[in-house]
2 protein chains.
Amino acid sequence: MFKDLDPLLLSQQRLAIMSILVSADEADFVFIKEKTGATAGNLSSHIEKLNEAGYLEIDKFIEKKRPRTVLKITPKGIDAFDDYVKALQDYIRK
Amino acid sequence: MFKDLDPLLLSQQRLAIMSILVSADEADFVFIKEKTGATAGNLSSHIEKLNEAGYLEIDKFIEKKRPRTVLKITPKGIDAFDDYVKALQDYIRK
DNA sequence: ATAAATAAGTTTGAAATACAAACCAAATTG
DNA sequence: CAATTTGGTTTGTATTTCAAACTTATTTAT
């Protein structure tokens, strides 16, 4: 009756991160931090996990003498997000 | 940008329980256990939490010499579910 | 009549998760 | 040059999750 929900996306903050990336395609650490309201610490470990799962790529470099971390969703990440949304429909449709 | 998601409903099993109750209005322990695939132990503690939050009522009695536990969603539970669904839209709408 | 199995839950304990606080390194500002 | 800001990472504890073990009462089999 109910499909399994990807445990990685069953988290408010990770879902918000993926939600931004699925539309924005690419966004940096600070932008996502502000949009989601996550602390830097939480965001750091969340993107780590999403990266380990292959849902996003992390690109770190120095720009204007400041570190910058850019995140980009992968095809696998898009699929995971789409699947999650589909599965959710079973739960939230009265 | 993103509304908070009720942490109680941010759980596959509890969301499934509420999903059943919001349509069925009333359902018993065994029925929900089978529909959700939860173990009895997990279901027992999940409904405990949902009950503490005032999202459902637990009615226990003996029927045909067997214990029976009937769950019923409360108005507060319905509201929580509706709010959760609304809040989710912000996340899952690309 | 009694031993074994089933039904309907609850309690417990270990493992995973989440969250915030503390930390670090480099750059900038007063 | 000391203090603050920026952009993060690491650490520690508190909570949550999940399954296994347990309980109590009822059937079924012998």
# chains A, B, ... in the order shown; residues from 1 in each chain; ligands from 1

call {"tool": "interface_residues", "arguments": {"of": "chain A", "to": "chain C", "cutoff": "10 Å", "atoms": "only C-alpha atoms (C1' of nucleotides)", "output": "list of chain:residue names"}}
result
A:Ser11, A:Ala38, A:Thr39, A:Gly41, A:Asn42, A:Lys65, A:Arg66, A:Pro67

call {"tool": "interface_residues", "arguments": {"of": "chain B", "to": "chain A", "cutoff": "7 Å", "atoms": "only C-alpha atoms", "output": "PyMOL selection string"}}
result
chain B and resi 1-2+5+10+12+15-16+19+22-23+35-36+85+91-92+94

call {"tool": "write_last_selection", "arguments": {"atoms": "N, CA and C atoms", "output": "mmCIF file, in the first residue's frame"}}
result
data_model
loop_
_atom_site.group_PDB
_atom_site.id
_atom_site.type_symbol
_atom_site.label_atom_id
_atom_site.label_comp_id
_atom_site.auth_asym_id
_atom_site.auth_seq_id
_atom_site.Cartn_x
_atom_site.Cartn_y
_atom_site.Cartn_z
ATOM 1 N N MET B 1 11.044 31.020 3.572
ATOM 2 C CA MET B 1 10.815 30.271 2.322
ATOM 3 C C MET B 1 10.183 28.913 2.570
ATOM 4 N N PHE B 2 10.786 28.136 3.488
ATOM 5 C CA PHE B 2 10.218 26.825 3.786
ATOM 6 C C PHE B 2 9.548 26.823 5.156
ATOM 7 N N LEU B 5 8.138 21.594 9.073
ATOM 8 C CA LEU B 5 7.327 20.379 8.982
ATOM 9 C C LEU B 5 7.202 19.779 10.381
ATOM 10 N N LEU B 10 7.023 13.758 10.339
ATOM 11 C CA LEU B 10 8.211 13.557 9.517
ATOM 12 C C LEU B 10 8.778 12.181 9.836
ATOM 13 N N GLN B 12 8.035 8.106 8.288
ATOM 14 C CA GLN B 12 7.256 7.314 7.330
ATOM 15 C C GLN B 12 6.092 6.597 7.994
ATOM 16 N N LEU B 15 3.403 8.956 9.462
ATOM 17 C CA LEU B 15 2.652 9.583 8.382
ATOM 18 C C LEU B 15 1.671 8.576 7.783
ATOM 19 N N ALA B 16 2.104 7.331 7.642
ATOM 20 C CA ALA B 16 1.231 6.288 7.094
ATOM 21 C C ALA B 16 0.038 6.046 8.025
ATOM 22 N N SER B 19 -2.248 8.896 7.658
ATOM 23 C CA SER B 19 -2.834 8.827 6.332
ATOM 24 C C SER B 19 -4.036 7.879 6.305
ATOM 25 N N VAL B 22 -6.894 9.435 8.549
ATOM 26 C CA VAL B 22 -7.546 10.626 8.027
ATOM 27 C C VAL B 22 -8.612 10.249 6.987
ATOM 28 N N SER B 23 -8.437 9.111 6.359
ATOM 29 C CA SER B 23 -9.472 8.647 5.415
ATOM 30 C C SER B 23 -10.462 7.731 6.117
ATOM 31 N N LYS B 35 -1.484 -2.808 7.127
ATOM 32 C CA LYS B 35 -1.424 -1.837 6.030
ATOM 33 C C LYS B 35 -0.068 -1.149 5.963
ATOM 34 N N THR B 36 0.473 -0.825 7.107
ATOM 35 C CA THR B 36 1.729 -0.070 7.111
ATOM 36 C C THR B 36 2.957 -0.971 7.085
ATOM 37 N N VAL B 85 0.582 18.566 4.898
ATOM 38 C CA VAL B 85 0.458 18.464 3.440
ATOM 39 C C VAL B 85 0.688 19.819 2.788
ATOM 40 N N TYR B 91 8.025 22.264 -0.546
ATOM 41 C CA TYR B 91 9.254 21.507 -0.747
ATOM 42 C C TYR B 91 9.236 20.714 -2.045
ATOM 43 N N ILE B 92 8.087 20.135 -2.336
ATOM 44 C CA ILE B 92 8.077 19.178 -3.440
ATOM 45 C C ILE B 92 7.664 19.775 -4.773
ATOM 46 N N LYS B 94 8.460 21.675 -7.755
ATOM 47 C CA LYS B 94 9.686 22.175 -8.415
ATOM 48 C C LYS B 94 9.500 23.596 -8.891
#

call {"tool": "calpha_fit_and_write", "arguments": {"fixed": "chain B", "moving": "chain A", "output": "PDB file with N, CA and C atoms, in the first residue's frame"}}
result
ATOM      1  N   MET A   1      11.026  31.012   3.564  1.00  0.00           N
ATOM      2  CA  MET A   1      10.799  30.263   2.324  1.00  0.00           C
ATOM      3  C   MET A   1      10.164  28.895   2.584  1.00  0.00           C
ATOM      4  N   PHE A   2      10.754  28.146   3.495  1.00  0.00           N
ATOM      5  CA  PHE A   2      10.187  26.834   3.801  1.00  0.00           C
ATOM      6  C   PHE A   2       9.513  26.849   5.174  1.00  0.00           C
ATOM      7  N   LYS A   3       8.288  26.405   5.204  1.00  0.00           N
ATOM      8  CA  LYS A   3       7.614  26.278   6.499  1.00  0.00           C
ATOM      9  C   LYS A   3       8.191  25.079   7.250  1.00  0.00           C
ATOM     10  N   ASP A   4       8.045  25.099   8.549  1.00  0.00           N
ATOM     11  CA  ASP A   4       8.494  23.942   9.323  1.00  0.00           C
ATOM     12  C   ASP A   4       7.539  22.771   9.123  1.00  0.00           C
ATOM     13  N   LEU A   5       8.132  21.602   9.077  1.00  0.00           N
ATOM     14  CA  LEU A   5       7.321  20.388   8.994  1.00  0.00           C
ATOM     15  C   LEU A   5       7.206  19.788  10.389  1.00  0.00           C
ATOM     16  N   ASP A   6       6.009  19.479  10.767  1.00  0.00           N
ATOM     17  CA  ASP A   6       5.744  18.843  12.056  1.00  0.00           C
ATOM     18  C   ASP A   6       6.646  17.608  12.220  1.00  0.00           C
ATOM     19  N   PRO A   7       7.535  17.632  13.202  1.00  0.00           N
ATOM     20  CA  PRO A   7       8.481  16.521  13.347  1.00  0.00           C
ATOM     21  C   PRO A   7       7.785  15.187  13.603  1.00  0.00           C
ATOM     22  N   LEU A   8       6.634  15.246  14.211  1.00  0.00           N
ATOM     23  CA  LEU A   8       5.886  14.013  14.476  1.00  0.00           C
ATOM     24  C   LEU A   8       5.445  13.326  13.182  1.00  0.00           C
ATOM     25  N   LEU A   9       5.179  14.134  12.186  1.00  0.00           N
ATOM     26  CA  LEU A   9       4.710  13.557  10.922  1.00  0.00           C
ATOM     27  C   LEU A   9       5.860  13.322   9.954  1.00  0.00           C
ATOM     28  N   LEU A  10       7.024  13.783  10.338  1.00  0.00           N
ATOM     29  CA  LEU A  10       8.213  13.576   9.510  1.00  0.00           C
ATOM     30  C   LEU A  10       8.779  12.194   9.826  1.00  0.00           C
ATOM     31  N   SER A  11       7.970  11.210   9.624  1.00  0.00           N
ATOM     32  CA  SER A  11       8.315   9.823   9.911  1.00  0.00           C
ATOM     33  C   SER A  11       7.415   8.978   9.034  1.00  0.00           C
ATOM     34  N   GLN A  12       8.032   8.120   8.279  1.00  0.00           N
ATOM     35  CA  GLN A  12       7.266   7.322   7.332  1.00  0.00           C
ATOM     36  C   GLN A  12       6.106   6.598   7.999  1.00  0.00           C
ATOM     37  N   GLN A  13       6.417   5.932   9.098  1.00  0.00           N
ATOM     38  CA  GLN A  13       5.369   5.122   9.714  1.00  0.00           C
ATOM     39  C   GLN A  13       4.263   5.963  10.335  1.00  0.00           C
ATOM     40  N   ARG A  14       4.645   7.045  11.014  1.00  0.00           N
ATOM     41  CA  ARG A  14       3.590   7.872  11.615  1.00  0.00           C
ATOM     42  C   ARG A  14       2.751   8.558  10.550  1.00  0.00           C
ATOM     43  N   LEU A  15       3.408   8.964   9.455  1.00  0.00           N
ATOM     44  CA  LEU A  15       2.647   9.586   8.374  1.00  0.00           C
ATOM     45  C   LEU A  15       1.667   8.583   7.777  1.00  0.00           C
ATOM     46  N   ALA A  16       2.113   7.332   7.641  1.00  0.00           N
ATOM     47  CA  ALA A  16       1.237   6.291   7.097  1.00  0.00           C
ATOM     48  C   ALA A  16       0.048   6.039   8.026  1.00  0.00           C
ATOM     49  N   ILE A  17       0.311   6.009   9.322  1.00  0.00           N
ATOM     50  CA  ILE A  17      -0.772   5.811  10.288  1.00  0.00           C
ATOM     51  C   ILE A  17      -1.805   6.932  10.152  1.00  0.00           C
ATOM     52  N   MET A  18      -1.313   8.155  10.128  1.00  0.00           N
ATOM     53  CA  MET A  18      -2.219   9.301  10.031  1.00  0.00           C
ATOM     54  C   MET A  18      -2.950   9.299   8.694  1.00  0.00           C
ATOM     55  N   SER A  19      -2.251   8.892   7.683  1.00  0.00           N
ATOM     56  CA  SER A  19      -2.843   8.828   6.355  1.00  0.00           C
ATOM     57  C   SER A  19      -4.033   7.877   6.328  1.00  0.00           C
ATOM     58  N   ILE A  20      -3.880   6.741   6.978  1.00  0.00           N
ATOM     59  CA  ILE A  20      -4.988   5.786   7.057  1.00  0.00           C
ATOM     60  C   ILE A  20      -6.132   6.371   7.873  1.00  0.00           C
ATOM     61  N   LEU A  21      -5.789   6.938   9.009  1.00  0.00           N
ATOM     62  CA  LEU A  21      -6.835   7.433   9.906  1.00  0.00           C
ATOM     63  C   LEU A  21      -7.588   8.632   9.333  1.00  0.00           C
ATOM     64  N   VAL A  22      -6.904   9.432   8.546  1.00  0.00           N
ATOM     65  CA  VAL A  22      -7.554  10.622   8.019  1.00  0.00           C
ATOM     66  C   VAL A  22      -8.621  10.234   6.989  1.00  0.00           C
ATOM     67  N   SER A  23      -8.443   9.095   6.357  1.00  0.00           N
ATOM     68  CA  SER A  23      -9.475   8.627   5.416  1.00  0.00           C
ATOM     69  C   SER A  23     -10.461   7.705   6.113  1.00  0.00           C
ATOM     70  N   ALA A  24      -9.917   6.791   6.921  1.00  0.00           N
ATOM     71  CA  ALA A  24     -10.747   5.747   7.490  1.00  0.00           C
ATOM     72  C   ALA A  24     -11.495   6.202   8.735  1.00  0.00           C
ATOM     73  N   ASP A  25     -11.008   7.279   9.320  1.00  0.00           N
ATOM     74  CA  ASP A  25     -11.645   7.837  10.502  1.00  0.00           C
ATOM     75  C   ASP A  25     -11.417   6.980  11.734  1.00  0.00           C
ATOM     76  N   GLU A  26     -11.491   5.701  11.557  1.00  0.00           N
ATOM     77  CA  GLU A  26     -11.331   4.780  12.680  1.00  0.00           C
ATOM     78  C   GLU A  26     -10.754   3.481  12.149  1.00  0.00           C
ATOM     79  N   ALA A  27      -9.753   2.957  12.848  1.00  0.00           N
ATOM     80  CA  ALA A  27      -9.159   1.703  12.388  1.00  0.00           C
ATOM     81  C   ALA A  27      -8.509   1.025  13.574  1.00  0.00           C
ATOM     82  N   ASP A  28      -8.393  -0.275  13.520  1.00  0.00           N
ATOM     83  CA  ASP A  28      -7.785  -0.924  14.674  1.00  0.00           C
ATOM     84  C   ASP A  28      -6.314  -1.252  14.475  1.00  0.00           C
ATOM     85  N   PHE A  29      -5.694  -1.559  15.603  1.00  0.00           N
ATOM     86  CA  PHE A  29      -4.260  -1.814  15.669  1.00  0.00           C
ATOM     87  C   PHE A  29      -3.789  -2.793  14.599  1.00  0.00           C
ATOM     88  N   VAL A  30      -4.448  -3.919  14.529  1.00  0.00           N
ATOM     89  CA  VAL A  30      -4.015  -4.969  13.618  1.00  0.00           C
ATOM     90  C   VAL A  30      -4.152  -4.537  12.158  1.00  0.00           C
ATOM     91  N   PHE A  31      -5.234  -3.851  11.859  1.00  0.00           N
ATOM     92  CA  PHE A  31      -5.449  -3.361  10.494  1.00  0.00           C
ATOM     93  C   PHE A  31      -4.323  -2.410  10.079  1.00  0.00           C
ATOM     94  N   ILE A  32      -4.031  -1.469  10.930  1.00  0.00           N
ATOM     95  CA  ILE A  32      -2.984  -0.503  10.627  1.00  0.00           C
ATOM     96  C   ILE A  32      -1.619  -1.179  10.542  1.00  0.00           C
ATOM     97  N   LYS A  33      -1.407  -2.098  11.429  1.00  0.00           N
ATOM     98  CA  LYS A  33      -0.157  -2.859  11.422  1.00  0.00           C
ATOM     99  C   LYS A  33       0.052  -3.539  10.073  1.00  0.00           C
ATOM    100  N   GLU A  34      -0.996  -4.145   9.568  1.00  0.00           N
ATOM    101  CA  GLU A  34      -0.866  -4.842   8.283  1.00  0.00           C
ATOM    102  C   GLU A  34      -0.703  -3.878   7.115  1.00  0.00           C
ATOM    103  N   LYS A  35      -1.486  -2.819   7.122  1.00  0.00           N
ATOM    104  CA  LYS A  35      -1.431  -1.850   6.028  1.00  0.00           C
ATOM    105  C   LYS A  35      -0.070  -1.162   5.951  1.00  0.00           C
ATOM    106  N   THR A  36       0.486  -0.840   7.103  1.00  0.00           N
ATOM    107  CA  THR A  36       1.745  -0.086   7.107  1.00  0.00           C
ATOM    108  C   THR A  36       2.969  -0.987   7.081  1.00  0.00           C
ATOM    109  N   GLY A  37       2.779  -2.251   7.448  1.00  0.00           N
ATOM    110  CA  GLY A  37       3.933  -3.146   7.516  1.00  0.00           C
ATOM    111  C   GLY A  37       4.798  -2.914   8.743  1.00  0.00           C
ATOM    112  N   ALA A  38       4.317  -2.092   9.658  1.00  0.00           N
ATOM    113  CA  ALA A  38       5.088  -1.841  10.888  1.00  0.00           C
ATOM    114  C   ALA A  38       5.070  -3.083  11.777  1.00  0.00           C
ATOM    115  N   THR A  39       6.098  -3.225  12.589  1.00  0.00           N
ATOM    116  CA  THR A  39       6.033  -4.281  13.596  1.00  0.00           C
ATOM    117  C   THR A  39       5.099  -3.789  14.699  1.00  0.00           C
ATOM    118  N   ALA A  40       4.595  -4.719  15.485  1.00  0.00           N
ATOM    119  CA  ALA A  40       3.691  -4.334  16.560  1.00  0.00           C
ATOM    120  C   ALA A  40       4.393  -3.377  17.524  1.00  0.00           C
ATOM    121  N   GLY A  41       5.664  -3.652  17.784  1.00  0.00           N
ATOM    122  CA  GLY A  41       6.428  -2.801  18.704  1.00  0.00           C
ATOM    123  C   GLY A  41       6.511  -1.365  18.231  1.00  0.00           C
ATOM    124  N   ASN A  42       6.858  -1.204  16.979  1.00  0.00           N
ATOM    125  CA  ASN A  42       6.947   0.144  16.431  1.00  0.00           C
ATOM    126  C   ASN A  42       5.596   0.827  16.448  1.00  0.00           C
ATOM    127  N   LEU A  43       4.576   0.090  16.016  1.00  0.00           N
ATOM    128  CA  LEU A  43       3.253   0.683  15.963  1.00  0.00           C
ATOM    129  C   LEU A  43       2.812   1.126  17.347  1.00  0.00           C
ATOM    130  N   SER A  44       3.073   0.268  18.316  1.00  0.00           N
ATOM    131  CA  SER A  44       2.701   0.588  19.687  1.00  0.00           C
ATOM    132  C   SER A  44       3.308   1.923  20.123  1.00  0.00           C
ATOM    133  N   SER A  45       4.593   2.117  19.868  1.00  0.00           N
ATOM    134  CA  SER A  45       5.179   3.378  20.339  1.00  0.00           C
ATOM    135  C   SER A  45       4.786   4.568  19.467  1.00  0.00           C
ATOM    136  N   HIS A  46       4.574   4.323  18.185  1.00  0.00           N
ATOM    137  CA  HIS A  46       4.138   5.436  17.334  1.00  0.00           C
ATOM    138  C   HIS A  46       2.765   5.958  17.755  1.00  0.00           C
ATOM    139  N   ILE A  47       1.830   5.058  17.990  1.00  0.00           N
ATOM    140  CA  ILE A  47       0.497   5.533  18.355  1.00  0.00           C
ATOM    141  C   ILE A  47       0.529   6.197  19.730  1.00  0.00           C
ATOM    142  N   GLU A  48       1.426   5.731  20.567  1.00  0.00           N
ATOM    143  CA  GLU A  48       1.624   6.378  21.869  1.00  0.00           C
ATOM    144  C   GLU A  48       1.985   7.854  21.674  1.00  0.00           C
ATOM    145  N   LYS A  49       2.944   8.080  20.811  1.00  0.00           N
ATOM    146  CA  LYS A  49       3.392   9.457  20.555  1.00  0.00           C
ATOM    147  C   LYS A  49       2.308  10.300  19.907  1.00  0.00           C
ATOM    148  N   LEU A  50       1.610   9.733  18.959  1.00  0.00           N
ATOM    149  CA  LEU A  50       0.545  10.469  18.289  1.00  0.00           C
ATOM    150  C   LEU A  50      -0.576  10.780  19.271  1.00  0.00           C
ATOM    151  N   ASN A  51      -0.765   9.879  20.200  1.00  0.00           N
ATOM    152  CA  ASN A  51      -1.780  10.090  21.226  1.00  0.00           C
ATOM    153  C   ASN A  51      -1.356  11.200  22.202  1.00  0.00           C
ATOM    154  N   GLU A  52      -0.102  11.158  22.611  1.00  0.00           N
ATOM    155  CA  GLU A  52       0.415  12.207  23.504  1.00  0.00           C
ATOM    156  C   GLU A  52       0.272  13.585  22.860  1.00  0.00           C
ATOM    157  N   ALA A  53       0.436  13.637  21.556  1.00  0.00           N
ATOM    158  CA  ALA A  53       0.314  14.906  20.832  1.00  0.00           C
ATOM    159  C   ALA A  53      -1.146  15.301  20.633  1.00  0.00           C
ATOM    160  N   GLY A  54      -2.043  14.409  20.977  1.00  0.00           N
ATOM    161  CA  GLY A  54      -3.472  14.699  20.813  1.00  0.00           C
ATOM    162  C   GLY A  54      -3.961  14.505  19.393  1.00  0.00           C
ATOM    163  N   TYR A  55      -3.179  13.769  18.590  1.00  0.00           N
ATOM    164  CA  TYR A  55      -3.563  13.563  17.188  1.00  0.00           C
ATOM    165  C   TYR A  55      -4.537  12.403  17.006  1.00  0.00           C
ATOM    166  N   LEU A  56      -4.572  11.514  17.956  1.00  0.00           N
ATOM    167  CA  LEU A  56      -5.526  10.401  17.866  1.00  0.00           C
ATOM    168  C   LEU A  56      -5.930   9.932  19.252  1.00  0.00           C
ATOM    169  N   GLU A  57      -7.031   9.221  19.282  1.00  0.00           N
ATOM    170  CA  GLU A  57      -7.513   8.623  20.525  1.00  0.00           C
ATOM    171  C   GLU A  57      -7.326   7.117  20.451  1.00  0.00           C
ATOM    172  N   ILE A  58      -6.973   6.550  21.590  1.00  0.00           N
ATOM    173  CA  ILE A  58      -6.752   5.109  21.651  1.00  0.00           C
ATOM    174  C   ILE A  58      -7.819   4.491  22.535  1.00  0.00           C
ATOM    175  N   ASP A  59      -8.544   3.574  21.954  1.00  0.00           N
ATOM    176  CA  ASP A  59      -9.601   2.921  22.722  1.00  0.00           C
ATOM    177  C   ASP A  59      -9.299   1.421  22.791  1.00  0.00           C
ATOM    178  N   LYS A  60      -9.057   0.962  24.012  1.00  0.00           N
ATOM    179  CA  LYS A  60      -8.721  -0.456  24.197  1.00  0.00           C
ATOM    180  C   LYS A  60      -9.835  -1.170  24.936  1.00  0.00           C
ATOM    181  N   PHE A  61     -10.171  -2.338  24.441  1.00  0.00           N
ATOM    182  CA  PHE A  61     -11.201  -3.122  25.120  1.00  0.00           C
ATOM    183  C   PHE A  61     -11.054  -4.590  24.724  1.00  0.00           C
ATOM    184  N   ILE A  62     -11.858  -5.417  25.331  1.00  0.00           N
ATOM    185  CA  ILE A  62     -11.844  -6.848  25.011  1.00  0.00           C
ATOM    186  C   ILE A  62     -13.059  -7.164  24.149  1.00  0.00           C
ATOM    187  N   GLU A  63     -12.801  -7.826  23.053  1.00  0.00           N
ATOM    188  CA  GLU A  63     -13.896  -8.191  22.161  1.00  0.00           C
ATOM    189  C   GLU A  63     -13.724  -9.655  21.776  1.00  0.00           C
ATOM    190  N   LYS A  64     -14.762 -10.432  21.954  1.00  0.00           N
ATOM    191  CA  LYS A  64     -14.673 -11.873  21.694  1.00  0.00           C
ATOM    192  C   LYS A  64     -13.453 -12.474  22.380  1.00  0.00           C
ATOM    193  N   LYS A  65     -13.284 -12.065  23.606  1.00  0.00           N
ATOM    194  CA  LYS A  65     -12.182 -12.563  24.439  1.00  0.00           C
ATOM    195  C   LYS A  65     -10.781 -12.190  23.950  1.00  0.00           C
ATOM    196  N   ARG A  66     -10.720 -11.250  22.987  1.00  0.00           N
ATOM    197  CA  ARG A  66      -9.413 -10.810  22.490  1.00  0.00           C
ATOM    198  C   ARG A  66      -9.296  -9.305  22.721  1.00  0.00           C
ATOM    199  N   PRO A  67      -8.133  -8.857  23.110  1.00  0.00           N
ATOM    200  CA  PRO A  67      -7.955  -7.409  23.213  1.00  0.00           C
ATOM    201  C   PRO A  67      -8.079  -6.768  21.840  1.00  0.00           C
ATOM    202  N   ARG A  68      -8.665  -5.610  21.805  1.00  0.00           N
ATOM    203  CA  ARG A  68      -8.752  -4.886  20.544  1.00  0.00           C
ATOM    204  C   ARG A  68      -8.449  -3.427  20.841  1.00  0.00           C
ATOM    205  N   THR A  69      -7.678  -2.819  19.973  1.00  0.00           N
ATOM    206  CA  THR A  69      -7.281  -1.429  20.159  1.00  0.00           C
ATOM    207  C   THR A  69      -7.730  -0.647  18.935  1.00  0.00           C
ATOM    208  N   VAL A  70      -8.628   0.287  19.158  1.00  0.00           N
ATOM    209  CA  VAL A  70      -9.156   1.063  18.038  1.00  0.00           C
ATOM    210  C   VAL A  70      -8.636   2.489  18.100  1.00  0.00           C
ATOM    211  N   LEU A  71      -8.151   2.964  16.981  1.00  0.00           N
ATOM    212  CA  LEU A  71      -7.615   4.324  16.875  1.00  0.00           C
ATOM    213  C   LEU A  71      -8.565   5.195  16.078  1.00  0.00           C
ATOM    214  N   LYS A  72      -8.639   6.449  16.533  1.00  0.00           N
ATOM    215  CA  LYS A  72      -9.519   7.400  15.855  1.00  0.00           C
ATOM    216  C   LYS A  72      -8.792   8.734  15.819  1.00  0.00           C
ATOM    217  N   ILE A  73      -8.750   9.331  14.664  1.00  0.00           N
ATOM    218  CA  ILE A  73      -8.074  10.625  14.540  1.00  0.00           C
ATOM    219  C   ILE A  73      -8.914  11.709  15.209  1.00  0.00           C
ATOM    220  N   THR A  74      -8.272  12.696  15.777  1.00  0.00           N
ATOM    221  CA  THR A  74      -8.970  13.825  16.407  1.00  0.00           C
ATOM    222  C   THR A  74      -8.982  15.012  15.450  1.00  0.00           C
ATOM    223  N   PRO A  75      -9.819  16.021  15.722  1.00  0.00           N
ATOM    224  CA  PRO A  75      -9.785  17.247  14.901  1.00  0.00           C
ATOM    225  C   PRO A  75      -8.370  17.827  14.854  1.00  0.00           C
ATOM    226  N   LYS A  76      -7.702  17.813  15.983  1.00  0.00           N
ATOM    227  CA  LYS A  76      -6.328  18.307  16.036  1.00  0.00           C
ATOM    228  C   LYS A  76      -5.412  17.516  15.108  1.00  0.00           C
ATOM    229  N   GLY A  77      -5.643  16.220  15.064  1.00  0.00           N
ATOM    230  CA  GLY A  77      -4.859  15.361  14.187  1.00  0.00           C
ATOM    231  C   GLY A  77      -5.117  15.666  12.720  1.00  0.00           C
ATOM    232  N   ILE A  78      -6.388  15.911  12.407  1.00  0.00           N
ATOM    233  CA  ILE A  78      -6.742  16.260  11.020  1.00  0.00           C
ATOM    234  C   ILE A  78      -6.067  17.559  10.622  1.00  0.00           C
ATOM    235  N   ASP A  79      -6.117  18.532  11.523  1.00  0.00           N
ATOM    236  CA  ASP A  79      -5.454  19.811  11.243  1.00  0.00           C
ATOM    237  C   ASP A  79      -3.963  19.620  11.010  1.00  0.00           C
ATOM    238  N   ALA A  80      -3.347  18.839  11.884  1.00  0.00           N
ATOM    239  CA  ALA A  80      -1.904  18.623  11.770  1.00  0.00           C
ATOM    240  C   ALA A  80      -1.574  17.980  10.425  1.00  0.00           C
ATOM    241  N   PHE A  81      -2.392  17.036  10.044  1.00  0.00           N
ATOM    242  CA  PHE A  81      -2.161  16.359   8.761  1.00  0.00           C
ATOM    243  C   PHE A  81      -2.326  17.334   7.597  1.00  0.00           C
ATOM    244  N   ASP A  82      -3.389  18.113   7.643  1.00  0.00           N
ATOM    245  CA  ASP A  82      -3.626  19.091   6.572  1.00  0.00           C
ATOM    246  C   ASP A  82      -2.497  20.113   6.484  1.00  0.00           C
ATOM    247  N   ASP A  83      -2.059  20.584   7.638  1.00  0.00           N
ATOM    248  CA  ASP A  83      -0.962  21.553   7.659  1.00  0.00           C
ATOM    249  C   ASP A  83       0.310  20.944   7.078  1.00  0.00           C
ATOM    250  N   TYR A  84       0.521  19.712   7.436  1.00  0.00           N
ATOM    251  CA  TYR A  84       1.717  19.021   6.943  1.00  0.00           C
ATOM    252  C   TYR A  84       1.699  18.938   5.422  1.00  0.00           C
ATOM    253  N   VAL A  85       0.569  18.560   4.892  1.00  0.00           N
ATOM    254  CA  VAL A  85       0.442  18.452   3.432  1.00  0.00           C
ATOM    255  C   VAL A  85       0.674  19.808   2.778  1.00  0.00           C
ATOM    256  N   LYS A  86       0.080  20.835   3.341  1.00  0.00           N
ATOM    257  CA  LYS A  86       0.266  22.181   2.776  1.00  0.00           C
ATOM    258  C   LYS A  86       1.733  22.576   2.805  1.00  0.00           C
ATOM    259  N   ALA A  87       2.369  22.358   3.948  1.00  0.00           N
ATOM    260  CA  ALA A  87       3.773  22.749   4.083  1.00  0.00           C
ATOM    261  C   ALA A  87       4.650  21.980   3.105  1.00  0.00           C
ATOM    262  N   LEU A  88       4.318  20.722   2.937  1.00  0.00           N
ATOM    263  CA  LEU A  88       5.106  19.886   2.014  1.00  0.00           C
ATOM    264  C   LEU A  88       5.105  20.416   0.588  1.00  0.00           C
ATOM    265  N   GLN A  89       4.004  21.009   0.208  1.00  0.00           N
ATOM    266  CA  GLN A  89       3.904  21.523  -1.174  1.00  0.00           C
ATOM    267  C   GLN A  89       5.069  22.456  -1.498  1.00  0.00           C
ATOM    268  N   ASP A  90       5.477  23.251  -0.509  1.00  0.00           N
ATOM    269  CA  ASP A  90       6.597  24.172  -0.741  1.00  0.00           C
ATOM    270  C   ASP A  90       7.883  23.436  -1.088  1.00  0.00           C
ATOM    271  N   TYR A  91       7.997  22.243  -0.541  1.00  0.00           N
ATOM    272  CA  TYR A  91       9.237  21.496  -0.741  1.00  0.00           C
ATOM    273  C   TYR A  91       9.221  20.703  -2.043  1.00  0.00           C
ATOM    274  N   ILE A  92       8.085  20.117  -2.333  1.00  0.00           N
ATOM    275  CA  ILE A  92       8.087  19.166  -3.445  1.00  0.00           C
ATOM    276  C   ILE A  92       7.657  19.777  -4.768  1.00  0.00           C
ATOM    277  N   ARG A  93       7.216  21.020  -4.741  1.00  0.00           N
ATOM    278  CA  ARG A  93       6.856  21.677  -6.006  1.00  0.00           C
ATOM    279  C   ARG A  93       8.132  22.244  -6.614  1.00  0.00           C
ATOM    280  N   LYS A  94       8.504  21.690  -7.746  1.00  0.00           N
ATOM    281  CA  LYS A  94       9.733  22.177  -8.403  1.00  0.00           C
ATOM    282  C   LYS A  94       9.562  23.617  -8.868  1.00  0.00           C
TER     283      LYS A  94
END

call {"tool": "interface_residues", "arguments": {"of": "chain D", "to": "chain A", "cutoff": "9 Å", "atoms": "only C-alpha atoms (C1' of nucleotides)", "output": "PDB file with C-alpha atoms (C1' of nucleotides), in the first residue's frame"}}
result
ATOM      1  C1'  DT D   6      33.395  34.767   6.492  1.00  0.00           C
ATOM      2  C1'  DG D   7      33.039  30.117   5.246  1.00  0.00           C
ATOM      3  C1'  DG D   8      33.063  26.260   6.707  1.00  0.00           C
ATOM      4  C1'  DT D   9      34.146  21.349   9.702  1.00  0.00           C
ATOM      5  C1'  DT D  10      34.247  18.511  13.857  1.00  0.00           C
TER       6       DT D  10
END

call {"tool": "select_by_dssp", "arguments": {"residues": "chain B", "states": "strand (DSSP E)", "output": "list in words"}}
result
Glu26, Ala27, Asp28, Leu56, Glu57, Ile58, Asp59, Lys60, Phe61, Ile62, Glu63, Arg66, Pro67, Arg68, Thr69, Val70, Leu71, Lys72 and Ile73 of chain B

call {"tool": "select_by_dssp", "arguments": {"residues": "chain B", "states": "alpha helix (DSSP H)", "output": "ChimeraX atom specification"}}
result
/B:12-24,29-36,40-52,75-92

call {"tool": "decode", "arguments": {"residues": "range 8-13 of chain C", "atoms": "C-alpha atoms (C1' of nucleotides)", "output": "compact mmCIF listing (two decimals), in the first residue's frame"}}
result
# COMPACT_ATOMS: atom_id res chain seq x y z
C1' DA C 8 -2.30 -8.63 20.65
C1' DG C 9 0.37 -5.71 22.43
C1' DT C 10 4.43 -3.39 25.47
C1' DT C 11 9.13 -2.72 27.00
C1' DT C 12 13.91 -2.55 26.33
C1' DG C 13 18.37 -1.72 24.27
